[in-house]
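Working notes, structure below.
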Amino acid sequence: MIPTLGRFIILASVLVATTGAFIAYAAGAKRSPEGLRWSQRFAYLFAALMVAATAVMEYALITHDFSVQYVAHVGSIEVPMWVTIVSLWSSLEGSILFWGFILGIYIAVTTWINRNDHQEYMPFAIGTWLAVGAFFSFLIAGPANPFLTVASPPLDGPGPNPLLQNHLLMIIHPPMLYLGYVGMTIPFGFAVAALLRGRLGQSFLRPLRASLLLPWVFLTIAIMLGGWWAYEVLGWGGYWAWDPVENASLLPWLTATAALHSAIVLERRGVLKGWTVTLIQASFLLTILGTFMTRSGVFNSVHSFTQSAIGPTILIFLAAVLLFSVALLAFRIDSLEADGQLDSAVSREGMFLVNNLFFVVLTFTVLIGTCFPLIVEAVKGKQMSVGRPYFDTMVVPIGTALLFLLGVGPALPWGKASKKEAQRALLPPLITGAIVLIIGYALGVRNGWTLLTLMFGGYAAHVTLAQMWLPFRQRLKKGDSFGSALVDTQLRRGRRRFGGYIVHAGAVIVFVSIAVSSTMRSQQEVTLNRGQSTTFAGYTVTFMGTEERTEPHRQSTIARFNITKGGKAVTTMEPRMNQYAAMREPIGTPAVYSTLAGDYYVSIMNLQGDQAGVLIINMPMVGWIWFSVLMMGAGGLIALIPARRRTYVVVPESDVHIDTEVVA
Amino acid sequence: MNRTVLIIGIIIVGAIVFILFAGLGKDPQHIDSPLVGRQAPPFALRAVGTGETIDLESLRGKPVIVNFWATWCGPCFEEHPTLVANARNLPNVQFVGIVFNDTDDKIMRFLAERGSAYPTLLDANGKTAIAYGVGGVPETFFINPAGKIVAKFEGPLSTETLQENLAKALR
């Protein structure tokens with residue numbers, strides 16, 4: 001019953017998405033308002049079907065209906081309710097269904113928000129989204145069908161992948177990532193619409209930018225949560241390993257960040273239209289590439305789903321969208337005429353250009369490093385892997401350069417800066433940079449790159465705060481009261497600007513804390529007998545013994561350590577070794593003691609009777625990364641909050657000069 | 001039409017699709033073992049139950065199947081019946097189980113419940129597993145009568161994969 005219902009809904013969604021895509025494109029070509037209304041209806045219907053299919057699957061999971069193949073694969077009577085609910089995205093077929101669910105919601109909400117606006121572009125946008133929707137419902141209906149039936153249903157299933165069960169972050173990380181990944185479909189649709197229409201007007205920049213910023217926020221947080229999860233759950237003491245799938249999440253983030261910046265130049269100066277559209281297309285294509293990476297079995301990674309037959313299907317889709325995008329760009333890019341020009345390189349827009357260049361170089365660097373093992377295997381038939389040394393050598397200099405721009409860019413004025421202006425803008429922050437550099441040196445930082453990061457970080461922090469302060473100070477000068485000036489400049493009128501600088505401030509802290517935590521970390525591997533102590537990085541660690549714990553899905557050995565500092569008890573740490581029934585090797589879960597200054601990290605390497613091999617790591621500032629990335633996300637959200645509805649005055653677009661502070 | 005965009009685009013697209021296509025159908029978990037084609041690292045380990053020491057050297061002249069496993073490993077449960085059945089059917093092939101990260105009593109209980117047909121050795125400090133570069137259990141090495149490793153298999157064996165790899169040892 002359930003499988004039949006599920007399959008029926010999915011088949012209907014394939015039909016609806018395909019038909020809707022055709023109708024929408026036809027409506028776009030004929031500029032038919034009636035056609036647009038119909039394509040909107042199809043968009044809503046598609047979303048409703050996706051929601052219904054997901055509801056049916058959740059119902060099957062919660063009622064433990066093992067006649068549904070997916071439930072038989074990932075369900076289990078023994079696992080807690082929250083695990084049952086989230087097992088929707090714990091395995092391949094369910095995760096694609098979840099993808100469709102989020103896509104449906106994105107499409108419906110964006111269509112609704114713009115139901116009366118941008119009629120010129122909307123049909124092509126809806127058509128593009130529904131075409132993508134048609135592909136994903138085809139995947140669900142065919143190669144990755146979660147609604148297949150099991151002839152003789154088992155009484156109980158194995159439960160989802162045990163690694164996904166041992167931390168609550170697993171509830172948040174995947175949905176955040178999907179919200180980021182899937183959301184890139186929306187700006188892609190808008191970009192395609194702009195290219196097909198052959199124009200990209202000022203008013204259309206608003207939905208384009210918002211639709212890019214929202215998934216950017218989700219992706220930013222998702223990447224951080226993934227790093228945090230790895231750090232808290234996998235006992236190797238790091239948060240980023242340049243694993244192919246980590247890279248896959250970073251790639252669209254890089255291009256989307258670049259696109260957000262180039263869109264600002266486009267808005268202010270009317271240039272970089274084709275470039276912005278290209279970056280947006282690249283962001284979407286990279287999400288599809290990421291999907292291929294996790295689901296094709298081509299890359300080895302903790303994130304890989306089990307091998308499946310959907311790899312070739314996704315690859316064909318990827319190739320088709322790539323060709324479509326390239327062809328569209330080649331035929332249409334010249335029709336997106338610039339409305340202005342760049343005056344000078346030493347200006348804010350000049351720095352935006354350099355920023356974009358670095359982001360693109362970074363994207364290619366990471367992409368090549370990720371794919372290089374495949375290239376070597378394809379060409380030479382040899383196995384190899386590209387690891388930390390490559391990525392660190394390549395990425396650190398580019399990252400440091402980006403931090404430099406993060407300081408210099410916002411300091412420079414738009415347009416053309418005279419030598420004097422430039423000096424007045426660029427010199428004062430050097431003092432803050434120097435102060436931070438000296439403090440870092442006094443605290444023991446000796447690594448050249450880290451010192452450079454501290455200096456650029458101090459510089460950028462100065463500029464960022466000064467920029468936030470600027471409109472506020474102007475209002476105070478005009479005689480406004482402190483409170484009203486603050487609310488008005490930062491939260492009401494200048495919300496978008498304020499949000500942007502919050503993101504920048506967060507990014508500065510991320511840069512500094514990554515540099516400090518990775519170059520200032522120290523670690524020690526020791527073997528301790530029960531009752532024995534070791535002193536490392538100011539703390540004394542005493543091994544108190546172990547305890548066995550048996551849970552339905554795993555057996556754990558918990559080791560207890562007392563941590564003291566100067567004779568005073570600080571905390572008790574309990575790292576553990578987990579052996580999951582379904583895994584080939586045991587997995588250690590570390591214990592972390594966090595303070596503002598840094599983390600003290602204890603992980604078990606091996607346990608034999610009363611002897612424990614322990615890895616102790618002292619990592620300064622690492623906790624700052626998580627919070628500053630959240631700050632970046634919050635800044636993005638602040639910038640997203642729409643301004644109050646304005647009354648429109650209809651003016652031909654090319655004649656309009658809109659004050660961006662107000663448009664925000 | 002913008003030729004430059006088209007040409008650069010087609011080159012990038014072509015390269016990406018070609019590389020990804022070439023990668024399809026491979027098992028990314030699989031790592032070529034440098035041991036294949038070389039003399040098997042020697043070991044002499046105590047058998048669980050009987051207590052006698054079995055030396056790999058003494059097994060020369062017959063193909064040997066060395067299976068690394070542990071009682072805490074799920075996939076090992078899965079392949080155990082296959083190994084036992086094949087060991088009974090192939091009297092001319094020497095099967096050897098090597099258990100690591102485990103204790104005698106747990107192994108005894110496992111074998112009593114699930115049957116056994118060949119010696120099971122305890123790799124107390126894991127040295128043999130390290131010598132063979134075992135990355136996880138189960139892993140199985142196929143050694144020819146001359147003592148050379150001819151194949152390595154990761155994960156649970158089926159009768160087909162077992163026969164297929166064993167054929168290399170008989171060649």
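Naming scheme: A, B, ... for chains in displayed order of the structure tokens; residues 1 onward per chain; ligands 1 onward as shown.
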
So which residues touch A:Phe136 within 8 Å, counting only C-alpha atoms, skipping near sequence neighbours fewer than 3 positions away, as JSON, numbers by chain?
-> {"A": [96, 99, 100, 132, 133, 139, 140]}

Do you have, as JSON lines, the list of residues of stretch 78-98 of chain B lying at most 8 Å from stretch 140-159 of chain B, each with its nearest atom pair and that distance in Å to one decimal, counting only C-alpha atoms and ordered by chain then number?
{"residue": "B:Glu78", "atom": "CA", "partner": "B:Pro156", "partner_atom": "CA", "distance": 6.7}
{"residue": "B:Glu79", "atom": "CA", "partner": "B:Pro156", "partner_atom": "CA", "distance": 5.1}
{"residue": "B:Thr82", "atom": "CA", "partner": "B:Thr159", "partner_atom": "CA", "distance": 6.2}
{"residue": "B:Leu83", "atom": "CA", "partner": "B:Leu157", "partner_atom": "CA", "distance": 7.8}
{"residue": "B:Asn86", "atom": "CA", "partner": "B:Thr159", "partner_atom": "CA", "distance": 7.3}

Any idea what's packed within 9 Å of B:Asp104, counting only C-alpha atoms, ignoring anything in its chain fewer than 6 positions away? Could you give it as a PDB file with C-alpha atoms, in the first residue's frame?
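In the end it all went to result-v9.pdb:
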ATOM      1  CA  VAL B  48      42.934 -20.814  19.727  1.00  0.00           C
ATOM      2  CA  GLY B  49      41.649 -23.966  21.523  1.00  0.00           C
ATOM      3  CA  LEU B 122      45.352 -15.349  17.713  1.00  0.00           C
TER       4      LEU B 122
END

Which polymer residues have any atom within 9 Å of an atom of B:Arg3, counting only C-alpha atoms, with same-chain residues fewer than 4 positions away left out, as an MDAnalysis selection string?
-> (chainID A and resid 330:331) or (chainID B and resid 7:8)

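Atom pair atom CA of B:Trp69 / atom CA of B:Glu52: separated by 19.5 Å.
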
Write out as a tab-separated table (two decimals) with N, CA and C atoms, in the first residue's frame which residues come within 12 Å of B:Leu20 when counting only C-alpha atoms, dropping same-chain ones fewer than 6 positions away.
chain	number	residue	atom	x	y	z
A	289	LEU	N	28.09	18.48	-9.22
A	289	LEU	CA	29.34	17.73	-9.18
A	289	LEU	C	29.52	17.11	-7.79
A	290	GLY	N	29.21	17.88	-6.76
A	290	GLY	CA	29.31	17.38	-5.38
A	290	GLY	C	28.39	16.20	-5.15
A	292	PHE	N	27.40	14.17	-7.42
A	292	PHE	CA	28.01	13.05	-8.13
A	292	PHE	C	29.14	12.44	-7.29
A	293	MET	N	29.95	13.32	-6.70
A	293	MET	CA	31.09	12.83	-5.91
A	293	MET	C	30.65	11.93	-4.76
A	296	SER	N	28.46	8.56	-6.53
A	296	SER	CA	28.83	7.74	-7.68
A	296	SER	C	29.77	6.62	-7.28
A	297	GLY	N	30.37	6.71	-6.10
A	297	GLY	CA	31.36	5.70	-5.73
A	297	GLY	C	32.70	5.95	-6.39
A	298	VAL	N	32.90	7.13	-6.98
A	298	VAL	CA	34.17	7.41	-7.65
A	298	VAL	C	35.22	7.89	-6.65
A	299	PHE	N	34.76	8.61	-5.63
A	299	PHE	CA	35.69	9.16	-4.65
A	299	PHE	C	35.59	8.40	-3.34
A	311	GLY	N	25.37	6.78	-10.27
A	311	GLY	CA	26.50	7.58	-10.72
A	311	GLY	C	26.39	7.99	-12.19
A	312	PRO	N	26.25	7.02	-13.09
A	312	PRO	CA	26.16	7.37	-14.52
A	312	PRO	C	25.00	8.32	-14.82
A	314	ILE	N	23.63	10.59	-12.84
A	314	ILE	CA	23.97	11.96	-12.42
A	314	ILE	C	25.02	12.55	-13.35
A	315	LEU	N	25.95	11.71	-13.80
A	315	LEU	CA	27.00	12.22	-14.69
A	315	LEU	C	26.41	12.71	-16.01
A	316	ILE	N	25.45	11.96	-16.52
A	316	ILE	CA	24.80	12.39	-17.77
A	316	ILE	C	24.10	13.72	-17.56
A	318	LEU	N	24.83	15.96	-15.28
A	318	LEU	CA	25.87	16.97	-15.10
A	318	LEU	C	26.41	17.42	-16.45
A	319	ALA	N	26.70	16.44	-17.31
A	319	ALA	CA	27.23	16.77	-18.64
A	319	ALA	C	26.23	17.60	-19.43
A	370	THR	N	41.34	17.87	-6.03
A	370	THR	CA	40.36	16.84	-5.75
A	370	THR	C	40.31	15.80	-6.87
A	371	CYS	N	40.39	16.30	-8.10
A	371	CYS	CA	40.24	15.40	-9.25
A	371	CYS	C	41.56	14.78	-9.70
A	372	PHE	N	42.68	15.28	-9.19
A	372	PHE	CA	43.96	14.82	-9.68
A	372	PHE	C	44.16	13.29	-9.59
A	373	PRO	N	43.77	12.67	-8.45
A	373	PRO	CA	43.92	11.22	-8.39
A	373	PRO	C	43.17	10.51	-9.52
A	374	LEU	N	42.00	11.07	-9.88
A	374	LEU	CA	41.23	10.47	-10.97
A	374	LEU	C	41.96	10.64	-12.29
A	375	ILE	N	42.57	11.82	-12.47
A	375	ILE	CA	43.28	12.08	-13.72
A	375	ILE	C	44.43	11.09	-13.86
A	376	VAL	N	45.20	10.94	-12.78
A	376	VAL	CA	46.35	10.05	-12.83
A	376	VAL	C	45.90	8.62	-13.09
A	377	GLU	N	44.81	8.23	-12.44
A	377	GLU	CA	44.36	6.86	-12.64
A	377	GLU	C	43.85	6.65	-14.06
A	378	ALA	N	43.18	7.67	-14.60
A	378	ALA	CA	42.66	7.55	-15.96
A	378	ALA	C	43.80	7.51	-16.98
B	13	VAL	N	34.39	21.53	-19.87
B	13	VAL	CA	33.35	20.52	-19.76
B	13	VAL	C	33.87	19.15	-20.19
B	14	GLY	N	34.56	19.14	-21.32
B	14	GLY	CA	35.08	17.87	-21.84
B	14	GLY	C	36.01	17.22	-20.85
B	26	LYS	N	34.67	2.13	-10.46
B	26	LYS	CA	35.78	1.64	-9.65
B	26	LYS	C	35.38	1.66	-8.20

Just asking: which residues within chain B are strand (DSSP E) according to DSSP, as a ChimeraX atom specification?
-> /B:44-46,53-55,64-69,94-100,120-123,139-143,149-154

Which residues of chain B are close to chain A, meaning at most 6 Å apart when you count only C-alpha atoms, and how do they look as a list in words?
->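 Selected residues: Met1, Asn2, Val5, Leu6, Gly9, Ile19, Ala22, Gly23, Leu24, Pro28, Gln29, Cys73, Gly74, Gly136 and Val137 of chain B.
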
What does the file look like for those residues with N, CA and C atoms, as a compact mmCIF listing (two decimals), in the first residue's frame?
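See again_34.txt below for the written result:
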# COMPACT_ATOMS: atom_id res chain seq x y z
N MET B 1 27.44 35.22 -31.18
CA MET B 1 28.00 34.12 -30.39
C MET B 1 29.42 34.44 -29.96
N ASN B 2 29.72 34.11 -28.76
CA ASN B 2 31.06 34.38 -28.23
C ASN B 2 31.92 33.12 -28.32
N VAL B 5 34.23 32.05 -25.21
CA VAL B 5 33.48 31.40 -24.13
C VAL B 5 33.17 29.96 -24.53
N LEU B 6 32.75 29.78 -25.77
CA LEU B 6 32.37 28.43 -26.22
C LEU B 6 33.55 27.48 -26.16
N GLY B 9 34.75 26.90 -22.56
CA GLY B 9 33.70 26.11 -21.90
C GLY B 9 33.75 24.66 -22.31
N ILE B 19 37.14 12.85 -17.17
CA ILE B 19 37.79 12.33 -15.96
C ILE B 19 36.79 11.60 -15.07
N ALA B 22 35.80 8.29 -16.56
CA ALA B 22 36.84 7.27 -16.41
C ALA B 22 36.83 6.69 -15.00
N GLY B 23 36.41 7.50 -14.04
CA GLY B 23 36.43 7.05 -12.66
C GLY B 23 35.25 6.16 -12.29
N LEU B 24 34.23 6.16 -13.13
CA LEU B 24 33.03 5.38 -12.81
C LEU B 24 33.32 3.89 -12.73
N PRO B 28 36.32 2.92 -4.80
CA PRO B 28 37.29 3.86 -4.24
C PRO B 28 37.91 3.35 -2.94
N GLN B 29 37.25 2.40 -2.29
CA GLN B 29 37.79 1.87 -1.04
C GLN B 29 38.99 0.96 -1.31
N CYS B 73 33.18 -8.03 14.54
CA CYS B 73 32.98 -7.47 13.20
C CYS B 73 31.80 -8.11 12.51
N GLY B 74 30.84 -7.26 12.15
CA GLY B 74 29.60 -7.74 11.54
C GLY B 74 29.80 -8.50 10.23
N GLY B 136 41.33 -3.28 7.90
CA GLY B 136 40.07 -3.51 8.58
C GLY B 136 39.72 -4.96 8.39
N VAL B 137 38.74 -5.45 9.13
CA VAL B 137 38.38 -6.85 8.95
C VAL B 137 36.99 -6.93 8.32
